[in-house]
Structure formats: C-alpha cells, structure tokens
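*Asks:* Contents are TSV, C-alpha atoms; file name structure38.tsv:
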chain	number	residue	atom	x	y	z
A	353	MET	CA	-15.83	50.15	-73.43
A	354	SER	CA	-14.49	46.97	-71.82
A	355	THR	CA	-10.73	46.73	-71.72
A	356	HIS	CA	-10.58	43.37	-69.95
A	357	LEU	CA	-12.41	40.09	-70.36
A	358	ASP	CA	-13.26	38.46	-67.05
A	359	ALA	CA	-15.01	35.28	-65.97
A	360	GLY	CA	-18.73	35.43	-66.72
A	361	GLN	CA	-18.24	37.28	-70.02
A	362	TRP	CA	-18.19	36.22	-73.68
A	363	GLY	CA	-15.17	37.04	-75.83
A	364	LEU	CA	-15.07	36.75	-79.63
A	365	PHE	CA	-11.75	35.28	-80.80
A	366	THR	CA	-10.45	35.17	-84.37
A	367	GLY	CA	-7.27	35.11	-86.44
A	368	PRO	CA	-4.59	32.41	-86.52
A	369	ASP	CA	-5.10	30.09	-83.53
A	370	GLY	CA	-7.76	32.45	-82.17
A	371	LYS	CA	-5.19	34.77	-80.65
A	372	GLN	CA	-6.99	38.01	-81.61
A	373	LEU	CA	-9.95	39.39	-79.67
A	374	VAL	CA	-12.52	41.57	-81.50
A	375	MET	CA	-15.43	41.64	-79.03
A	376	CYS	CA	-15.23	41.86	-75.26
A	377	ASP	CA	-18.40	41.38	-73.19
A	378	GLY	CA	-20.61	42.50	-76.09
A	379	GLU	CA	-18.52	45.54	-77.05
A	380	PRO	CA	-16.09	45.89	-79.98
A	381	CYS	CA	-12.38	45.84	-79.22
A	382	GLY	CA	-9.09	45.30	-81.02
A	383	PRO	CA	-8.24	43.46	-83.03
A	384	GLY	CA	-5.77	42.98	-80.22
A	385	ALA	CA	-3.74	40.27	-78.54
A	386	ALA	CA	-6.18	38.25	-76.47
A	387	ARG	CA	-3.56	37.54	-73.79
A	388	LYS	CA	-3.36	41.25	-72.96
A	389	ILE	CA	-7.13	41.60	-72.60
A	390	LEU	CA	-8.12	38.46	-70.68
A	391	THR	CA	-7.88	38.41	-66.91
A	392	GLU	CA	-6.08	35.55	-65.17
A	393	THR	CA	-8.89	32.96	-65.00
A	394	PRO	CA	-10.10	33.06	-68.64
A	395	ARG	CA	-6.52	33.48	-69.87
A	396	ARG	CA	-5.49	30.32	-68.06
A	397	LEU	CA	-8.51	28.22	-69.01
A	398	LEU	CA	-9.03	29.43	-72.59
A	399	LEU	CA	-5.55	30.30	-73.87
A	400	ASP	CA	-2.85	28.67	-71.71
A	401	GLU	CA	-4.64	25.31	-71.80
A	402	GLY	CA	-5.15	25.66	-75.57
A	403	ARG	CA	-8.94	25.40	-75.71
A	404	VAL	CA	-9.54	28.32	-78.10
A	405	GLU	CA	-6.65	27.24	-80.33
A	406	ARG	CA	-7.97	23.68	-80.59
A	407	PHE	CA	-11.47	24.92	-81.32
A	408	MET	CA	-10.25	27.22	-84.10
A	409	ALA	CA	-8.37	24.24	-85.57
A	410	GLY	CA	-11.65	22.33	-85.86
A	411	ASP	CA	-11.71	20.31	-82.64
A	412	THR	CA	-15.25	20.95	-81.45
A	413	SER	CA	-15.48	17.81	-79.31
A	414	ALA	CA	-15.71	19.78	-76.06
A	415	THR	CA	-17.88	22.82	-76.78
A	416	GLU	CA	-18.93	22.88	-73.13
A	417	CYS	CA	-17.19	21.36	-70.11
A	418	LEU	CA	-16.66	21.79	-66.35
A	419	VAL	CA	-13.20	22.59	-64.94
A	420	GLU	CA	-11.81	23.72	-61.60
A	421	HIS	CA	-9.42	26.64	-61.12
A	422	ASN	CA	-8.21	28.09	-57.80
A	423	GLY	CA	-10.86	26.11	-55.95
A	424	VAL	CA	-13.76	27.40	-58.08
A	425	ARG	CA	-15.67	25.32	-60.62
A	426	TYR	CA	-16.29	26.93	-64.00
A	427	ARG	CA	-18.24	25.97	-67.07
A	428	ILE	CA	-16.40	26.67	-70.30
A	429	ALA	CA	-18.76	27.49	-73.17
A	430	THR	CA	-17.97	28.02	-76.85
A	431	LYS	CA	-19.89	28.81	-80.00
A	432	PRO	CA	-18.27	28.75	-83.46
A	433	ILE	CA	-18.60	31.34	-86.24
A	434	ILE	CA	-18.43	29.35	-89.48
A	435	ALA	CA	-17.93	30.78	-92.98
A	436	PRO	CA	-21.00	29.83	-95.05
A	437	TRP	CA	-19.37	28.56	-98.25
A	438	SER	CA	-16.08	26.93	-97.24
A	439	ARG	CA	-17.27	25.96	-93.72
A	440	THR	CA	-14.04	27.40	-92.29
A	441	ILE	CA	-14.15	28.33	-88.61
A	442	VAL	CA	-13.45	32.07	-88.76
A	443	GLY	CA	-14.14	32.91	-85.12
A	444	VAL	CA	-15.33	31.51	-81.84
A	445	PHE	CA	-17.26	32.90	-78.93
A	446	ALA	CA	-15.68	31.56	-75.74
A	447	GLY	CA	-16.24	32.27	-72.08
A	448	VAL	CA	-15.60	30.97	-68.58
A	449	PHE	CA	-18.73	31.01	-66.40
A	450	PRO	CA	-19.02	30.11	-62.69
A	451	GLU	CA	-20.88	26.84	-62.26
A	452	GLY	CA	-24.54	27.38	-61.50
A	453	GLU	CA	-24.76	30.78	-63.18
A	454	THR	CA	-27.00	31.16	-66.21
A	455	ILE	CA	-24.90	31.51	-69.37
A	456	PRO	CA	-26.23	34.42	-71.46
A	457	GLU	CA	-26.73	34.18	-75.20
A	458	PRO	CA	-23.80	35.75	-77.10
A	459	PRO	CA	-24.56	38.77	-79.33
A	460	LEU	CA	-25.87	38.22	-82.85
A	461	VAL	CA	-23.01	37.69	-85.32
A	462	GLY	CA	-23.48	36.78	-88.98
A	463	SER	CA	-20.83	35.23	-91.22
A	464	TRP	CA	-20.13	35.90	-94.90
A	465	GLU	CA	-17.71	34.89	-97.64
A	466	TRP	CA	-16.50	36.61	-100.80
A	467	LEU	CA	-15.13	34.68	-103.77
A	468	ILE	CA	-13.28	37.23	-105.88
A	469	LYS	CA	-12.33	36.15	-109.38
A	470	GLN	CA	-9.11	37.74	-110.63
A	471	ASP	CA	-7.44	38.00	-114.01
A	472	HIS	CA	-3.79	39.06	-113.85
A	473	GLY	CA	-4.45	40.89	-110.61
A	474	GLU	CA	-7.62	42.65	-111.77
A	475	ILE	CA	-10.99	41.92	-110.18
A	476	VAL	CA	-13.35	40.55	-112.84
A	477	GLY	CA	-16.10	39.03	-110.72
A	478	ARG	CA	-17.34	38.50	-107.20
A	479	ARG	CA	-19.72	36.07	-105.50
A	480	THR	CA	-21.08	36.71	-102.02
A	481	PHE	CA	-22.39	34.13	-99.54
A	482	TRP	CA	-24.28	34.70	-96.28
A	483	ASN	CA	-25.42	32.53	-93.41
A	484	GLN	CA	-28.83	32.84	-91.77
A	485	GLU	CA	-27.53	34.99	-88.91
A	486	LEU	CA	-26.34	37.65	-91.35
A	487	PHE	CA	-29.85	37.89	-92.81
A	488	ASP	CA	-31.11	38.29	-89.24
A	489	LEU	CA	-28.54	41.04	-88.61
A	490	TYR	CA	-29.64	42.97	-91.72
A	491	GLU	CA	-33.29	42.13	-90.99
A	492	VAL	CA	-33.75	40.71	-94.47
A	493	ASP	CA	-35.90	37.70	-95.38
A	494	SER	CA	-33.54	34.97	-96.61
A	495	SER	CA	-36.10	33.91	-99.23
A	496	VAL	CA	-34.79	36.74	-101.46
A	497	ALA	CA	-31.60	34.70	-102.06
A	498	GLU	CA	-30.81	31.26	-103.43
A	499	GLN	CA	-30.15	28.71	-100.70
A	500	THR	CA	-27.65	25.89	-101.15
A	501	ALA	CA	-26.78	23.40	-98.40
A	502	GLY	CA	-27.31	25.78	-95.50
A	503	TYR	CA	-25.90	28.97	-97.03
A	504	TRP	CA	-27.24	31.61	-99.37
A	505	GLU	CA	-25.68	33.29	-102.40
A	506	VAL	CA	-26.83	36.89	-102.40
A	507	ASP	CA	-27.33	39.03	-105.50
A	508	VAL	CA	-26.29	42.57	-106.38
A	509	TRP	CA	-28.98	43.93	-104.05
A	510	ALA	CA	-26.58	43.26	-101.16
A	511	SER	CA	-24.47	46.21	-102.36
A	512	GLU	CA	-27.45	48.47	-101.75
A	513	LEU	CA	-27.26	47.65	-98.05
A	514	VAL	CA	-24.05	49.66	-97.65
A	515	ALA	CA	-24.08	53.47	-97.64
A	516	ASN	CA	-22.61	55.12	-100.74
A	517	GLY	CA	-19.36	56.37	-99.23
A	518	ASP	CA	-18.68	53.02	-97.61
A	519	GLN	CA	-19.41	51.20	-100.89
A	520	LEU	CA	-16.68	53.20	-102.58
A	521	ARG	CA	-14.28	52.75	-99.69
A	522	PHE	CA	-14.81	48.97	-99.55
A	523	PHE	CA	-14.41	48.45	-103.27
A	524	SER	CA	-11.42	50.79	-103.47
A	525	SER	CA	-9.69	48.99	-100.62
A	526	LEU	CA	-10.53	45.60	-102.15
A	527	ARG	CA	-9.14	46.71	-105.50
A	528	ASP	CA	-5.96	48.01	-103.83
A	529	GLY	CA	-5.29	44.73	-102.04
A	530	TYR	CA	-5.96	46.15	-98.56
A	531	TRP	CA	-7.91	43.04	-97.52
A	532	ASP	CA	-5.39	40.67	-99.11
A	533	ARG	CA	-2.75	41.50	-96.50
A	534	PRO	CA	-1.97	39.01	-93.72
A	535	GLY	CA	-3.85	39.14	-90.45
A	536	VAL	CA	-7.25	40.29	-89.27
A	537	ARG	CA	-8.80	43.41	-90.86
A	538	CYS	CA	-11.74	45.33	-89.45
A	539	ALA	CA	-14.00	48.07	-90.80
A	540	SER	CA	-17.07	49.79	-89.38
A	541	PHE	CA	-19.74	51.10	-91.74
A	542	ASP	CA	-23.34	52.25	-92.07
A	543	ALA	CA	-25.71	49.57	-93.36
A	544	ILE	CA	-29.34	49.71	-94.42
A	545	ALA	CA	-31.46	47.28	-92.39
A	546	GLY	CA	-34.89	46.03	-93.44
A	547	TYR	CA	-34.27	45.67	-97.20
A	548	GLY	CA	-37.51	44.79	-98.99
A	549	THR	CA	-39.73	46.17	-96.21
A	550	ASP	CA	-41.32	49.51	-95.37
A	551	ASN	CA	-39.14	49.75	-92.26
A	552	ARG	CA	-35.68	50.59	-93.63
A	553	TYR	CA	-33.20	52.33	-91.36
A	554	ARG	CA	-29.47	52.76	-90.80
A	555	LYS	CA	-27.58	50.35	-88.60
A	556	HIS	CA	-23.87	50.70	-87.74
A	557	LEU	CA	-22.00	47.42	-88.26
A	558	ARG	CA	-18.48	46.13	-87.96
A	559	LEU	CA	-16.91	43.75	-90.46
A	560	VAL	CA	-14.05	41.44	-89.40
A	561	ALA	CA	-12.22	39.81	-92.31
A	562	GLN	CA	-9.24	37.66	-93.15
A	563	ARG	CA	-7.82	36.07	-96.27
A	564	GLY	CA	-8.77	32.42	-96.70
A	565	ASP	CA	-6.03	29.80	-96.88
A	566	ILE	CA	-7.79	28.29	-99.91
A	567	SER	CA	-7.15	31.42	-102.01
A	568	THR	CA	-5.43	31.02	-105.39
A	569	PRO	CA	-4.00	33.52	-107.90
A	570	GLU	CA	-7.24	33.17	-109.87
A	571	GLN	CA	-9.62	33.39	-106.91
A	572	LEU	CA	-9.19	35.34	-103.71
A	573	VAL	CA	-11.32	34.04	-100.83
A	574	LEU	CA	-12.14	36.51	-98.07
A	575	HIS	CA	-14.26	35.43	-95.16
A	576	GLY	CA	-15.31	36.73	-91.80
A	577	PHE	CA	-18.27	38.00	-89.84
A	578	SER	CA	-20.22	41.14	-88.95
A	579	TYR	CA	-22.03	42.46	-85.89
A	580	GLU	CA	-23.68	45.65	-84.68
A	581	VAL	CA	-21.57	48.32	-82.93
A	582	PRO	CA	-22.43	51.71	-81.37
A	583	ALA	CA	-23.16	54.50	-83.87
A	584	GLY	CA	-20.01	56.45	-83.09
A	585	TYR	CA	-17.63	53.51	-83.27
A	586	SER	CA	-14.95	53.64	-85.97
A	587	ASP	CA	-12.14	51.32	-87.03
A	588	ARG	CA	-9.56	53.98	-87.72
A	589	ALA	CA	-7.14	52.06	-89.95
A	590	LEU	CA	-9.43	51.87	-93.01
A	591	ALA	CA	-10.93	55.32	-92.42
A	592	GLU	CA	-7.48	56.91	-92.24
A	593	GLU	CA	-6.26	55.12	-95.36
A	594	TYR	CA	-9.36	56.13	-97.39
A	595	PRO	CA	-10.43	59.52	-95.95
A	596	THR	CA	-11.53	61.25	-99.17
A	597	GLU	CA	-14.44	58.88	-99.76
A	598	TYR	CA	-16.30	60.47	-96.83
A	599	ALA	CA	-16.15	63.90	-98.46
A	600	LEU	CA	-17.18	62.50	-101.84
A	601	ASP	CA	-20.17	60.78	-100.24
A	602	GLY	CA	-21.40	64.13	-98.94
A	603	PHE	CA	-20.81	65.86	-102.27
A	604	MET	CA	-22.67	63.20	-104.26
A	605	SER	CA	-25.68	63.46	-101.96
A	606	LEU	CA	-26.01	67.20	-102.69
A	607	ILE	CA	-26.12	67.17	-106.48
A	608	GLN	CA	-28.95	65.99	-108.70
A	609	ASP	CA	-27.07	65.55	-111.98
A	610	PRO	CA	-26.91	61.94	-113.26
A	611	ILE	CA	-23.35	61.05	-112.19
A	612	ALA	CA	-21.66	57.75	-111.39
A	613	VAL	CA	-18.20	56.83	-110.13
A	614	VAL	CA	-17.05	53.81	-112.13
A	615	ASP	CA	-14.09	51.48	-111.88
A	616	PRO	CA	-12.78	51.60	-115.48
A	617	VAL	CA	-11.36	48.07	-115.32
A	618	SER	CA	-14.27	46.07	-113.90
A	619	LEU	CA	-16.94	48.64	-114.98
A	620	GLU	CA	-18.47	48.36	-111.50
A	621	VAL	CA	-20.57	51.35	-110.46
A	622	LEU	CA	-19.11	52.28	-107.08
A	623	MET	CA	-21.29	55.29	-106.27
A	624	SER	CA	-24.04	57.24	-108.01
A	625	THR	CA	-26.29	60.21	-107.46
A	626	ASP	CA	-30.07	60.06	-107.19
A	627	GLY	CA	-30.16	61.52	-110.71
A	628	TRP	CA	-28.33	58.46	-112.03
A	629	LYS	CA	-30.30	55.99	-109.90
A	630	GLY	CA	-33.55	57.44	-111.28
A	631	ARG	CA	-32.77	56.26	-114.83
A	632	THR	CA	-34.14	52.90	-115.96
A	633	PHE	CA	-30.64	51.42	-115.79
A	634	GLY	CA	-29.62	53.33	-112.67
A	635	GLN	CA	-29.87	50.41	-110.23
A	636	SER	CA	-27.33	48.25	-112.08
A	637	ARG	CA	-24.16	47.71	-110.06
A	638	ASN	CA	-22.06	47.16	-113.18
A	639	LEU	CA	-22.13	48.94	-116.54
A	640	LYS	CA	-21.84	45.57	-118.29
A	641	GLU	CA	-25.46	44.95	-117.24
A	642	SER	CA	-26.76	48.11	-118.92
A	643	ILE	CA	-24.53	49.02	-121.87
A	644	GLY	CA	-25.26	48.15	-125.47
A	645	ASP	CA	-21.63	48.68	-126.45
A	646	ASP	CA	-18.77	46.20	-126.45
A	647	PRO	CA	-17.50	46.13	-122.82
A	648	ALA	CA	-13.92	46.10	-124.08
A	649	ASP	CA	-14.53	49.36	-125.97
A	650	VAL	CA	-16.17	50.96	-122.93
A	651	ARG	CA	-13.28	49.82	-120.76
A	652	ARG	CA	-10.73	51.41	-123.10
A	653	PHE	CA	-12.75	54.63	-123.27
A	654	LEU	CA	-12.99	54.94	-119.48
A	655	LEU	CA	-9.36	53.95	-118.90
A	656	ASP	CA	-8.21	56.67	-121.30
A	657	ALA	CA	-10.52	59.16	-119.58
A	658	ALA	CA	-9.26	58.16	-116.14
A	659	ASP	CA	-5.67	58.74	-117.28
A	660	SER	CA	-6.45	62.16	-118.77
A	661	THR	CA	-6.29	65.54	-117.03
A	662	ASP	CA	-9.02	66.92	-119.32
A	663	VAL	CA	-12.74	66.28	-119.67
A	664	THR	CA	-13.30	63.38	-122.08
A	665	LYS	CA	-16.50	63.37	-124.10
A	666	GLY	CA	-18.11	60.40	-125.79
A	667	GLU	CA	-21.28	58.35	-126.09
A	668	LEU	CA	-22.59	55.29	-124.26
A	669	HIS	CA	-25.62	53.20	-125.16
A	670	LEU	CA	-27.45	52.52	-121.90
A	671	GLY	CA	-30.73	50.88	-120.97
A	672	VAL	CA	-32.50	47.73	-119.82
A	673	GLY	CA	-32.74	44.57	-121.91
A	674	ASP	CA	-32.84	45.31	-125.63
A	675	ASP	CA	-33.95	48.92	-125.09
A	676	LYS	CA	-30.64	50.79	-125.25
A	677	GLN	CA	-30.49	54.53	-125.92
A	678	PRO	CA	-27.48	56.69	-126.87
A	679	TYR	CA	-26.34	59.04	-124.11
A	680	PRO	CA	-23.68	61.69	-124.60
A	681	VAL	CA	-21.35	61.59	-121.59
A	682	SER	CA	-18.57	63.63	-120.05
A	683	VAL	CA	-15.92	61.78	-118.06
A	684	VAL	CA	-13.30	63.13	-115.68
A	685	SER	CA	-10.61	61.35	-113.74
A	686	MET	CA	-10.82	60.77	-109.98
A	687	ASN	CA	-7.22	60.81	-108.83
A	688	ARG	CA	-6.67	58.56	-105.82
A	689	GLY	CA	-2.96	59.19	-105.24
A	690	ALA	CA	0.32	58.09	-106.77
A	691	GLU	CA	0.08	54.43	-105.77
A	692	ARG	CA	-3.59	53.85	-106.66
A	693	ASP	CA	-5.34	53.58	-110.01
A	694	ASN	CA	-7.70	56.38	-110.96
A	695	LEU	CA	-11.46	55.99	-111.20
A	696	ALA	CA	-13.80	57.47	-113.83
A	697	VAL	CA	-16.54	59.96	-112.93
A	698	VAL	CA	-19.23	59.68	-115.62
A	699	ARG	CA	-21.89	62.35	-116.18
A	700	LEU	CA	-24.87	61.92	-118.53
A	701	ASN	CA	-25.27	65.09	-120.57
A	702	HIS	CA	-29.04	64.81	-121.02
If you took the structure in this file and wrote it as structure tokens, what would it be?
*Replies:*
Amino acid sequence: MSTHLDAGQWGLFTGPDGKQLVMCDGEPCGPGAARKILTETPRRLLLDEGRVERFMAGDTSATECLVEHNGVRYRIATKPIIAPWSRTIVGVFAGVFPEGETIPEPPLVGSWEWLIKQDHGEIVGRRTFWNQELFDLYEVDSSVAEQTAGYWEVDVWASELVANGDQLRFFSSLRDGYWDRPGVRCASFDAIAGYGTDNRYRKHLRLVAQRGDISTPEQLVLHGFSYEVPAGYSDRALAEEYPTEYALDGFMSLIQDPIAVVDPVSLEVLMSTDGWKGRTFGQSRNLKESIGDDPADVRRFLLDAADSTDVTKGELHLGVGDDKQPYPVSVVSMNRGAERDNLAVVRLNH
C-alpha cells in the first residue's frame, strides 16, 4: 500500500482543518498526519499554503487552479465530500497534477449522516441519511428511499446491508460512546451490495466518521463517508476493542434455533439467526415494531434478564400488525465486560 502521496495522485483529507489523510492514491491509509505522508510538492502546495484547510472551512472558490513550484507548473484539483443532511464538508479529495496531464477521476466515495436521538445518555432513536454516491457504492436504486433536497433518508433495510457480526459491533460501539470521542474514527466491514436485486454479493467497505459540531445532549450527529477497500483490509482499533463479536457471528450462523441478541434498553435487534429471521416478525430491526406488549414492560423484563446470571423465562407477544401470538421465551445475559452494559440473548421456545 502507498505510504507517500506524490504529485499526480489523489489524497483524501478529513478531520479538523483536513490534517488527516485516509486514502492515498486510491488505497486506504491512516487516519494519519497528512504532513508525514505527503511528499514535498503536494505538502507545500496543499498544506503549507493552506489550500486544504481553507477548503475544509468552506472556501470552495478555487476548486481548481494553476500554480508554479520549483520551475514546474501544476494544476491543483479538489473535490469535496459533503454530508447529505447538514451539508457539512466532511472530507476533500485534493491533488497536485503536472500541467498538461489528464487528471483521473477520484475513487467512488459516498457520504452519510446519522442523527441519534438520546434520552439521558441512552439511544432511543436513529435516522440515517445517504447521498447518491453511497447508493452507487452499495449498488442500490435510490428510488427505495425518500428523497429530500438532494439527500435520501434510508429505512431499516439499510441495517441489512451490514453483515451480522459487524451490525453488533457497530451498535455496541455506538452505544458505548466509541464514536462520540474526539477525532476521526475508522472501521472496515463486510457489506451486502445489490440490495433489491438478484445479484447480491459481499463488498468490503471502510467507514470514516467524526462527531458533528452541531451535536447536542439530546441529539448526537455523526457524519462521514465510506469507500471500498481490499478484502483483507482491517482497521484494527475497533476490531481489537470489540473482538468477541466476530466469534459470536460465527456461532450464530451455525445454529438454527430462533435466537436474537437484543439491546434491552432500546429493544433493537442487533443480531439474529436464520431461525428467528424466518418468523413473520423476524425482519424487524426493533422489538417495538413486533411486540404486542407494553415496551416499558418488555424493557424491564429484558433488563432484569440481562443483569441475571440465570436463565430467565417469560412470554412475549410477537407478530405483524394486529396478529400477535404468545411465545414462551428463555433469556440469558451476554456479558460484555465490566465497563459495558450487558445485552439480552432471547430464544423462542417453540
């Protein structure tokens, strides 16, 4: 992989003032200090003369210009990555190209934004927004989502585009405040491309995220972008902090019992077996969409079960619409360590 960014190559800059580099000549890198990765010419023209910093601050008046450096004329080219909902500039492609050379198209990068509603620190809702390029990356027709002023709000089906183990890892890290920390955060994951078509396949993507300045105690705004990376590429920080989810993903794929891993606070279904997905209600991403019981009662039941060291037995009314049926369930706790809240593993007993 590239360790330096030279003239004639695109770099993808992000973070405060664009000082972090996350793609170098089409290959993932960092997030690392751009000054250490750029060679002398692009470092001088892009960083020392403040062009990337000004562009990240919203000054897009000179997206392309000609300059001279060491007796050579260069064309400076830039392309912004803009968050779909807030219109925040979350990254910028920038490069220094010798005059007269054809400037290649930068790699496909799609932007996204999460609006996470919180109540006393607990996640109680989430809205997700995509731009057109993200639909192109996932090879999904944007007509499946509701378009508003150039961006799309995607529905719960977007969760199905992430492999089971990565779903659990993302939600667990979101719940634990991993993404709420300062700076740029990256994660690589397996996605399902071609949703809604007969040609569905796995694609390895990288997500680059940062906390939005417009966040409030009631609403956390996370925004960033995603792009394809080689199949073996891994951002080690998240994988090392949440290693057990990989093993659980493999275990869940081997068993046929109707089992779901549920967050007892939000009632979000984080992972489920094929046996659970095969039920009429099995595609719901949150138990609130399929239970006939009071959500507050279900929350208390699962919280008690998650805090217990024994198997907790009870009954849930589950179904679609008005057709709810009683299901006896067994619930065990999924212990995630001393500093993290437990999850509830729910098994239908018939």
*Asks:* Would you kindly return, as a ChimeraX atom specification, each protein, DNA or RNA residue with an atom no farther than 7 Å from any atom of stretch 429-435 of chain A, considering only C-alpha atoms and excluding same-chain residues fewer than 6 positions away?
*Replies:* /A:415-416,441-448,463-465,575-576
*Asks:* For A:Arg396, which residue among A:Ala359, A:Ile611, A:Cys538, A:Cys381 is the nearest when counting all atoms listed in the file?
*Replies:*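 Closest residue, counting all atoms listed in the file: A:Ala359.
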*Asks:* Which polymer residues have any atom within 7 Å of an atom of A:Leu467, counting all atoms listed in the file, with same-chain residues fewer than 4 positions away left out, as a PDB file with C-alpha atoms, in the coordinates of the input?
*Replies:*
ATOM      1  CA  ARG A 478     -17.340  38.500-107.200  1.00  0.00           C
ATOM      2  CA  ARG A 479     -19.720  36.070-105.500  1.00  0.00           C
ATOM      3  CA  THR A 480     -21.080  36.710-102.020  1.00  0.00           C
ATOM      4  CA  GLN A 571      -9.620  33.390-106.910  1.00  0.00           C
ATOM      5  CA  LEU A 572      -9.190  35.340-103.710  1.00  0.00           C
ATOM      6  CA  VAL A 573     -11.320  34.040-100.830  1.00  0.00           C
ATOM      7  CA  LEU A 574     -12.140  36.510 -98.070  1.00  0.00           C
TER       8      LEU A 574
END
*Asks:* Would you list the contacts of A:Lys388 as a PyMOL selection string, taking every protein, DNA or RNA residue within 12 Å and counting all atoms listed in the file, but skipping same-chain residues closer than 6 positions in sequence?
*Replies:* chain A and resi 355-358+371-373+381-382+394-395+399
*Asks:* Could you check which of A:Asp615, A:Asp626, A:Glu420, A:Asp674 is closest to A:Leu654, using all atoms listed in the file?
*Replies:*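 Result for the nearest residue to A:Leu654: A:Asp615.
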*Asks:* Would you please work out which residue, of A:Gly452, A:Gly402, A:Pro647, A:Gly584, is nearest to A:Asp542 when using all atoms listed in the file?
*Replies:*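 Selected residue with least distance to A:Asp542: A:Gly584.
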*Asks:* State, in Å with one decimal place, the distance from atom CA of A:Ser494 to atom CA of A:Ala545.
*Replies:*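 That distance, rounded to one decimal, is 13.2 Å.
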*Asks:* Have a look at atom CA of A:Leu513 and atom CA of A:Gly477 and let me know their distance in Å, one decimal.
*Replies:*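 If I compute the distance from atom CA of A:Leu513 to atom CA of A:Gly477, I get 19.0 Å.
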*Asks:* Between atom CA of A:Thr440 and atom CA of A:Glu401, what distance in Å does the model show, to one decimal?
*Replies:*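 If I compute the distance from atom CA of A:Thr440 to atom CA of A:Glu401, I get 22.6 Å.
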*Asks:* I'd like to know which of A:Ser567, A:Asn483, A:Gln562, A:Gln635 is closest to A:Pro368, using all atoms listed in the file.
*Replies:*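 Comparing A:Ser567, A:Asn483, A:Gln562, A:Gln635 against A:Pro368, the winner is A:Gln562.
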*Asks:* Around (-15.4, 67.5, -118.4) in the file's own coordinates, what residues are found within 12 Å if you use all atoms listed in the file, given back as a list of chain:residue names?
*Replies:*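 With a cut-off of 12 Å, the residues come to A:Ile611, A:Ala657, A:Ala658, A:Ser660, A:Thr661, A:Asp662, A:Val663, A:Thr664, A:Lys665, A:Gly666, A:Pro680, A:Val681, A:Ser682, A:Val683, A:Val684, A:Ser685, A:Met686, A:Ala696, A:Val697, A:Val698, A:Arg699, A:Leu700, A:Asn701.
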*Asks:* In terms of the shortest atom-to-atom distance over all atoms listed in the file, which of A:Ala539, A:Leu489, A:Leu557, A:Ile566 is closest to A:Arg588?
*Replies:*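 When distances to A:Arg588 are compared using all atoms listed in the file, the smallest one comes from A:Ala539.
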*Asks:* Which residues, written as an MDAnalysis selection string, have at least one atom at most 12 Å from A:Asn422, with all atoms listed in the file counted and residues fewer than 5 positions away on the same chain left out?
*Replies:* chainID A and resid 392:393 396:397
*Asks:* Excluding A:Lys555 and any residue of its chain fewer than 6 positions from it, enumerate the residues within 12 Å of it, using only C-alpha atoms, and give them as a PyMOL selection string.
*Replies:* chain A and resi 489-491+513-515+540-547+578-585
*Asks:* Taking C-alpha atoms for each residue, export the selection above as a compact mmCIF listing (two decimals), in the coordinates of the input.
*Replies:*
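What landed in again08.txt:
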# COMPACT_ATOMS: atom_id res chain seq x y z
CA LEU A 489 -28.54 41.04 -88.61
CA TYR A 490 -29.64 42.97 -91.72
CA GLU A 491 -33.29 42.13 -90.99
CA LEU A 513 -27.26 47.65 -98.05
CA VAL A 514 -24.05 49.66 -97.65
CA ALA A 515 -24.08 53.47 -97.64
CA SER A 540 -17.07 49.79 -89.38
CA PHE A 541 -19.74 51.10 -91.74
CA ASP A 542 -23.34 52.25 -92.07
CA ALA A 543 -25.71 49.57 -93.36
CA ILE A 544 -29.34 49.71 -94.42
CA ALA A 545 -31.46 47.28 -92.39
CA GLY A 546 -34.89 46.03 -93.44
CA TYR A 547 -34.27 45.67 -97.20
CA SER A 578 -20.22 41.14 -88.95
CA TYR A 579 -22.03 42.46 -85.89
CA GLU A 580 -23.68 45.65 -84.68
CA VAL A 581 -21.57 48.32 -82.93
CA PRO A 582 -22.43 51.71 -81.37
CA ALA A 583 -23.16 54.50 -83.87
CA GLY A 584 -20.01 56.45 -83.09
CA TYR A 585 -17.63 53.51 -83.27
*Asks:* When distances are computed from all atoms listed in the file, which of A:Val461, A:Ile455, A:Cys376, A:Val496 shows the smallest separation from A:Val560?
*Replies:* A:Val461
